[in-house]
Every structure is written in C-alpha cells, then in structure tokens.
Amino acid sequence: MSLLSIRKAVISDSGQLLQFIKELACYENAEQEVIATVEDIKRSIFGPDSTVEALLCEQDGKAIGFAVYFFNYSTWLGKNGLYLEDLYISPEYRHLGAGKQLLKYLAKQAVAGGCERFEWSVLDWNEPAIRFYESIGAKAKEEWLGYRLSGQALLDFSHS
C-alpha cells in the first residue's frame, strides 16, 4: 500500500509546480496559454507579497499532483471563503484518491479558518471532474456566470 501525503509547497518546488501547471493546461486543451516561468512561480506564489498558497500531493515522497488556493471574501456572509484555483493529479495516479485527499485537506483548512465557503470552477466539458465533485456533495453555481478581463482587453479598459 502506497502512502499519500500532502504538504505545503516550498520555493524549491517551483519547477515541479510549473510542470503540473503545464500538464493541467494540456489536459484542458490550453497548453499554449501557459506563459508562466519558474521565476514567475517563485515570485507569485512564494514572494513576500503573495496571496496564494500551493500544496503538493506525494506518493511515497514522489510529487503526483498539486493544488493552488487563496482566500476570498463574501460581503453577504461577512466571512472569508477559500477559492481553489487549480487542482491536478497526474493521470496515472488518479485512482489512489489523491484528489479527494487534497479536497479534504482544503476543506479542513477552510473550516479551521472560519470560512463559510469552499469554491472552485470546472470546465463544462470535464464530466469526470463534475461527477467527482457532485459525489462529494458539491453543487454547481448555475445562477452565476464567470467573466474575465485579460490581456489587451484588460489593458484597454484600464486606460479608458
């Protein structure tokens, strides 16, 4: 029986995190959109002004997946929430329960931190993930649509 463990990522894990980020982007048919470098990961996740946390999931000491998350805020509840930006487990390790273990770890972090919500997004075509999330009791936010300003549109709007 293999041992799964979760630990907070450290700056020396930046290359591994970027590798997982690229694998996730490839799975989501968006590999060309990853422009982050190891230096970007070091600065944005581990720098002094970072607002995010990263976790590594390991099997017998070998990194098999990761999660990146941050705390958000609900004005209506007057409480923080935990937002999971990315969760990824390498395909050959998905049968071990590593994704569920990462989600439980984060749920415990949210509860311990007084968070009222634990949220994330999933692509509408990712049926295996949707089935998995629904199996643990998560509900889709059907009444909300996500919007994004990025790239040139963000620059244009900020200067208008």
# chains A, B, ... in the order shown; residues from 1 in each chain; ligands from 1

call {"tool": "residues_around", "arguments": {"residues": "A:Leu102", "least_positions_apart": "4", "cutoff": "8 Å", "atoms": "only C-alpha atoms", "output": "PyMOL selection string"}}
result
chain A and resi 6+57+67+98+106

call {"tool": "write_last_selection", "arguments": {"atoms": "C-alpha atoms", "output": "PDB file, in the first residue's frame"}}
result
ATOM      1  CA  ILE A   6       0.078  16.446   1.404  1.00  0.00           C
ATOM      2  CA  CYS A  57       0.418  15.692  -3.023  1.00  0.00           C
ATOM      3  CA  ALA A  67      -3.354  22.490  -5.605  1.00  0.00           C
ATOM      4  CA  ALA A  98      -5.299  11.821  -4.119  1.00  0.00           C
ATOM      5  CA  LEU A 106      -8.514  22.182   1.844  1.00  0.00           C
TER       6      LEU A 106
END

call {"tool": "select_by_dssp", "arguments": {"residues": "stretch 11-69 of chain A", "states": "strand (DSSP E or B)", "output": "ChimeraX atom specification"}}
result
/A:52-59,62-69

call {"tool": "residues_around", "arguments": {"residues": "stretch 9-11 of chain A", "least_positions_apart": "3", "cutoff": "7 Å", "atoms": "only C-alpha atoms", "output": "PyMOL selection string"}}
result
chain A and resi 14+42+46+54-56

call {"tool": "residues_around", "arguments": {"residues": "A:Thr51", "least_positions_apart": "6", "cutoff": "10 Å", "atoms": "only C-alpha atoms", "output": "number ranges by chain"}}
result
A: 44-45, 69-72

call {"tool": "residues_around", "arguments": {"residues": "A:Asn80", "least_positions_apart": "4", "cutoff": "10 Å", "atoms": "only C-alpha atoms", "output": "list in words"}}
result
Phe71, Asn72, Tyr73, Ser74, Thr75, Ala110, Gly113, Gly114, Cys115, Glu116, Arg117 and Phe118 of chain A

call {"tool": "write_last_selection", "arguments": {"atoms": "N, CA and C atoms", "output": "mmCIF file, in the first residue's frame"}}
result
data_model
loop_
_atom_site.group_PDB
_atom_site.id
_atom_site.type_symbol
_atom_site.label_atom_id
_atom_site.label_comp_id
_atom_site.auth_asym_id
_atom_site.auth_seq_id
_atom_site.Cartn_x
_atom_site.Cartn_y
_atom_site.Cartn_z
ATOM 1 N N PHE A 71 -7.617 32.861 -0.276
ATOM 2 C CA PHE A 71 -8.811 33.216 0.483
ATOM 3 C C PHE A 71 -9.491 34.399 -0.178
ATOM 4 N N ASN A 72 -10.800 34.307 -0.312
ATOM 5 C CA ASN A 72 -11.602 35.410 -0.835
ATOM 6 C C ASN A 72 -12.551 35.874 0.272
ATOM 7 N N TYR A 73 -13.507 36.692 -0.065
ATOM 8 C CA TYR A 73 -14.380 37.264 0.956
ATOM 9 C C TYR A 73 -15.803 37.401 0.425
ATOM 10 N N SER A 74 -16.778 37.093 1.275
ATOM 11 C CA SER A 74 -18.185 37.282 0.945
ATOM 12 C C SER A 74 -18.736 38.440 1.776
ATOM 13 N N THR A 75 -19.141 39.504 1.099
ATOM 14 C CA THR A 75 -19.738 40.629 1.821
ATOM 15 C C THR A 75 -21.076 40.238 2.426
ATOM 16 N N ALA A 110 -10.348 25.385 5.303
ATOM 17 C CA ALA A 110 -11.437 26.366 5.252
ATOM 18 C C ALA A 110 -12.198 26.404 6.573
ATOM 19 N N GLY A 113 -10.188 27.924 9.342
ATOM 20 C CA GLY A 113 -10.005 29.356 9.150
ATOM 21 C C GLY A 113 -11.294 30.159 9.247
ATOM 22 N N GLY A 114 -12.393 29.513 9.621
ATOM 23 C CA GLY A 114 -13.665 30.211 9.761
ATOM 24 C C GLY A 114 -14.328 30.569 8.438
ATOM 25 N N CYS A 115 -13.916 29.914 7.380
ATOM 26 C CA CYS A 115 -14.511 30.185 6.066
ATOM 27 C C CYS A 115 -15.922 29.610 5.991
ATOM 28 N N GLU A 116 -16.773 30.317 5.305
ATOM 29 C CA GLU A 116 -18.143 29.860 5.105
ATOM 30 C C GLU A 116 -18.304 29.092 3.795
ATOM 31 N N ARG A 117 -17.365 29.302 2.866
ATOM 32 C CA ARG A 117 -17.464 28.672 1.549
ATOM 33 C C ARG A 117 -16.118 28.102 1.117
ATOM 34 N N PHE A 118 -16.218 27.073 0.287
ATOM 35 C CA PHE A 118 -15.067 26.486 -0.396
ATOM 36 C C PHE A 118 -15.520 26.341 -1.842
#

call {"tool": "closest_atom_pairs", "arguments": {"of": "stretch 69-116 of chain A", "to": "stretch 128-138 of chain A", "cutoff": "10 Å", "atoms": "only C-alpha atoms", "output": "CSV"}}
result
residue,atom,partner,partner_atom,distance
A:Gly99,CA,A:Phe132,CA,9.4
A:Lys100,CA,A:Ile136,CA,8.5
A:Leu103,CA,A:Ile136,CA,9.5
A:Lys104,CA,A:Ile136,CA,9.8

call {"tool": "closest_residue", "arguments": {"among": "A:Leu77, A:Leu123, A:Ala25, A:Ile64", "to": "A:His95", "atoms": "only C-alpha atoms"}}
result
A:Ile64

call {"tool": "closest_residue", "arguments": {"among": "A:Gly65, A:Gly146, A:Pro91, A:Gly151", "to": "A:Gln19", "atoms": "only C-alpha atoms"}}
result
A:Gly65

call {"tool": "closest_residue", "arguments": {"among": "A:Glu85, A:Asp156, A:Glu119, A:Glu58", "to": "A:Ser2", "atoms": "only C-alpha atoms"}}
result
A:Glu58

call {"tool": "select_by_dssp", "arguments": {"residues": "chain A", "states": "helix (DSSP H, G or I)", "output": "MDAnalysis selection string"}}
result
chainID A and resid 11:27 31:33 38:46 91:96 98:112 127:135 151:158

call {"tool": "closest_residue", "arguments": {"among": "A:Trp125, A:Phe20, A:Tyr147, A:Tyr83", "to": "A:Ala36", "atoms": "only C-alpha atoms"}}
result
A:Phe20

call {"tool": "closest_residue", "arguments": {"among": "A:Ser5, A:Glu39, A:Cys26, A:Asn126", "to": "A:Leu96", "atoms": "only C-alpha atoms"}}
result
A:Ser5

call {"tool": "closest_residue", "arguments": {"among": "A:Gln152, A:Val52, A:Leu4, A:Ala30", "to": "A:Tyr93", "atoms": "only C-alpha atoms"}}
result
A:Leu4

call {"tool": "decode", "arguments": {"residues": "stretch 91-105 of chain A", "atoms": "all heavy atoms", "output": "CSV table (one decimal), in the first residue's frame"}}
result
chain,number,residue,atom,x,y,z
A,91,PRO,N,-2.4,11.7,-14.4
A,91,PRO,CA,-3.4,10.7,-14.8
A,91,PRO,C,-3.1,9.3,-14.2
A,91,PRO,O,-4.0,8.6,-13.8
A,91,PRO,CB,-3.3,10.7,-16.3
A,91,PRO,CG,-2.9,12.0,-16.7
A,91,PRO,CD,-1.9,12.5,-15.6
A,92,GLU,N,-1.8,8.9,-14.2
A,92,GLU,CA,-1.5,7.5,-13.7
A,92,GLU,C,-1.7,7.3,-12.2
A,92,GLU,O,-1.7,6.2,-11.7
A,92,GLU,CB,-0.1,7.1,-14.1
A,92,GLU,CG,1.0,8.0,-13.5
A,92,GLU,CD,1.4,9.2,-14.4
A,92,GLU,OE1,0.5,9.7,-15.1
A,92,GLU,OE2,2.5,9.6,-14.3
A,93,TYR,N,-2.0,8.4,-11.5
A,93,TYR,CA,-2.2,8.4,-10.0
A,93,TYR,C,-3.6,8.7,-9.6
A,93,TYR,O,-3.9,8.8,-8.4
A,93,TYR,CB,-1.2,9.3,-9.3
A,93,TYR,CG,0.2,8.9,-9.6
A,93,TYR,CD1,1.0,9.6,-10.5
A,93,TYR,CD2,0.8,7.9,-8.9
A,93,TYR,CE1,2.3,9.3,-10.8
A,93,TYR,CE2,2.1,7.5,-9.2
A,93,TYR,CZ,2.9,8.2,-10.1
A,93,TYR,OH,4.2,7.9,-10.4
A,94,ARG,N,-4.5,8.9,-10.5
A,94,ARG,CA,-5.9,9.3,-10.2
A,94,ARG,C,-6.7,8.3,-9.5
A,94,ARG,O,-7.7,8.7,-8.9
A,94,ARG,CB,-6.6,9.8,-11.5
A,94,ARG,CG,-5.9,11.1,-11.9
A,94,ARG,CD,-6.7,11.8,-13.0
A,94,ARG,NE,-6.0,13.0,-13.5
A,94,ARG,CZ,-6.0,13.5,-14.7
A,94,ARG,NH1,-6.8,13.0,-15.6
A,94,ARG,NH2,-5.3,14.5,-14.9
A,95,HIS,N,-6.4,7.1,-9.5
A,95,HIS,CA,-7.1,6.0,-8.9
A,95,HIS,C,-6.8,5.9,-7.4
A,95,HIS,O,-7.4,5.0,-6.7
A,95,HIS,CB,-6.9,4.7,-9.6
A,95,HIS,CG,-5.4,4.2,-9.5
A,95,HIS,ND1,-4.4,4.8,-10.2
A,95,HIS,CD2,-4.9,3.3,-8.7
A,95,HIS,CE1,-3.3,4.2,-9.9
A,95,HIS,NE2,-3.5,3.4,-8.9
A,96,LEU,N,-5.9,6.6,-6.9
A,96,LEU,CA,-5.5,6.5,-5.5
A,96,LEU,C,-6.2,7.3,-4.5
A,96,LEU,O,-6.0,7.2,-3.3
A,96,LEU,CB,-4.0,6.9,-5.4
A,96,LEU,CG,-3.0,6.1,-6.3
A,96,LEU,CD1,-1.6,6.7,-6.1
A,96,LEU,CD2,-3.0,4.6,-5.9
A,97,GLY,N,-7.1,8.2,-4.9
A,97,GLY,CA,-7.9,9.0,-4.0
A,97,GLY,C,-7.1,10.3,-3.7
A,97,GLY,O,-7.5,11.0,-2.7
A,98,ALA,N,-6.1,10.6,-4.4
A,98,ALA,CA,-5.3,11.8,-4.1
A,98,ALA,C,-6.1,13.1,-4.3
A,98,ALA,O,-6.0,14.0,-3.4
A,98,ALA,CB,-4.1,11.9,-5.0
A,99,GLY,N,-6.9,13.2,-5.3
A,99,GLY,CA,-7.7,14.4,-5.5
A,99,GLY,C,-8.7,14.6,-4.3
A,99,GLY,O,-8.8,15.7,-3.8
A,100,LYS,N,-9.3,13.6,-3.9
A,100,LYS,CA,-10.2,13.6,-2.8
A,100,LYS,C,-9.5,14.0,-1.5
A,100,LYS,O,-10.0,14.8,-0.7
A,100,LYS,CB,-11.0,12.3,-2.6
A,100,LYS,CG,-12.1,12.4,-1.6
A,100,LYS,CD,-12.9,11.1,-1.6
A,100,LYS,CE,-14.1,11.2,-0.7
A,100,LYS,NZ,-14.9,10.0,-0.8
A,101,GLN,N,-8.3,13.5,-1.3
A,101,GLN,CA,-7.5,13.8,-0.1
A,101,GLN,C,-7.1,15.3,-0.2
A,101,GLN,O,-7.2,16.0,0.9
A,101,GLN,CB,-6.2,12.9,-0.1
A,101,GLN,CG,-5.5,13.0,1.2
A,101,GLN,CD,-4.5,11.9,1.4
A,101,GLN,OE1,-4.6,10.8,0.9
A,101,GLN,NE2,-3.4,12.3,2.0
A,102,LEU,N,-6.7,15.8,-1.3
A,102,LEU,CA,-6.4,17.3,-1.4
A,102,LEU,C,-7.6,18.1,-1.1
A,102,LEU,O,-7.6,19.1,-0.4
A,102,LEU,CB,-5.9,17.6,-2.8
A,102,LEU,CG,-4.4,17.5,-3.1
A,102,LEU,CD1,-4.1,17.6,-4.5
A,102,LEU,CD2,-3.7,18.6,-2.3
A,103,LEU,N,-8.8,17.7,-1.6
A,103,LEU,CA,-10.0,18.5,-1.3
A,103,LEU,C,-10.4,18.5,0.1
A,103,LEU,O,-10.8,19.5,0.7
A,103,LEU,CB,-11.2,18.0,-2.2
A,103,LEU,CG,-11.1,18.4,-3.7
A,103,LEU,CD1,-12.3,17.6,-4.4
A,103,LEU,CD2,-11.3,19.9,-3.9
A,104,LYS,N,-10.2,17.3,0.8
A,104,LYS,CA,-10.5,17.2,2.2
A,104,LYS,C,-9.5,18.1,3.0
A,104,LYS,O,-9.9,18.7,4.0
A,104,LYS,CB,-10.4,15.7,2.7
A,104,LYS,CG,-11.6,14.9,2.4
A,104,LYS,CD,-11.5,13.6,3.1
A,104,LYS,CE,-12.8,12.8,2.9
A,104,LYS,NZ,-12.8,11.6,3.6
A,105,TYR,N,-8.3,18.1,2.6
A,105,TYR,CA,-7.3,18.9,3.3
A,105,TYR,C,-7.7,20.4,3.2
A,105,TYR,O,-7.7,21.1,4.2
A,105,TYR,CB,-5.9,18.7,2.6
A,105,TYR,CG,-4.8,19.5,3.3
A,105,TYR,CD1,-3.9,18.9,4.2
A,105,TYR,CD2,-4.5,20.8,2.9
A,105,TYR,CE1,-2.9,19.6,4.8
A,105,TYR,CE2,-3.5,21.5,3.5
A,105,TYR,CZ,-2.7,20.9,4.4
A,105,TYR,OH,-1.6,21.6,5.0
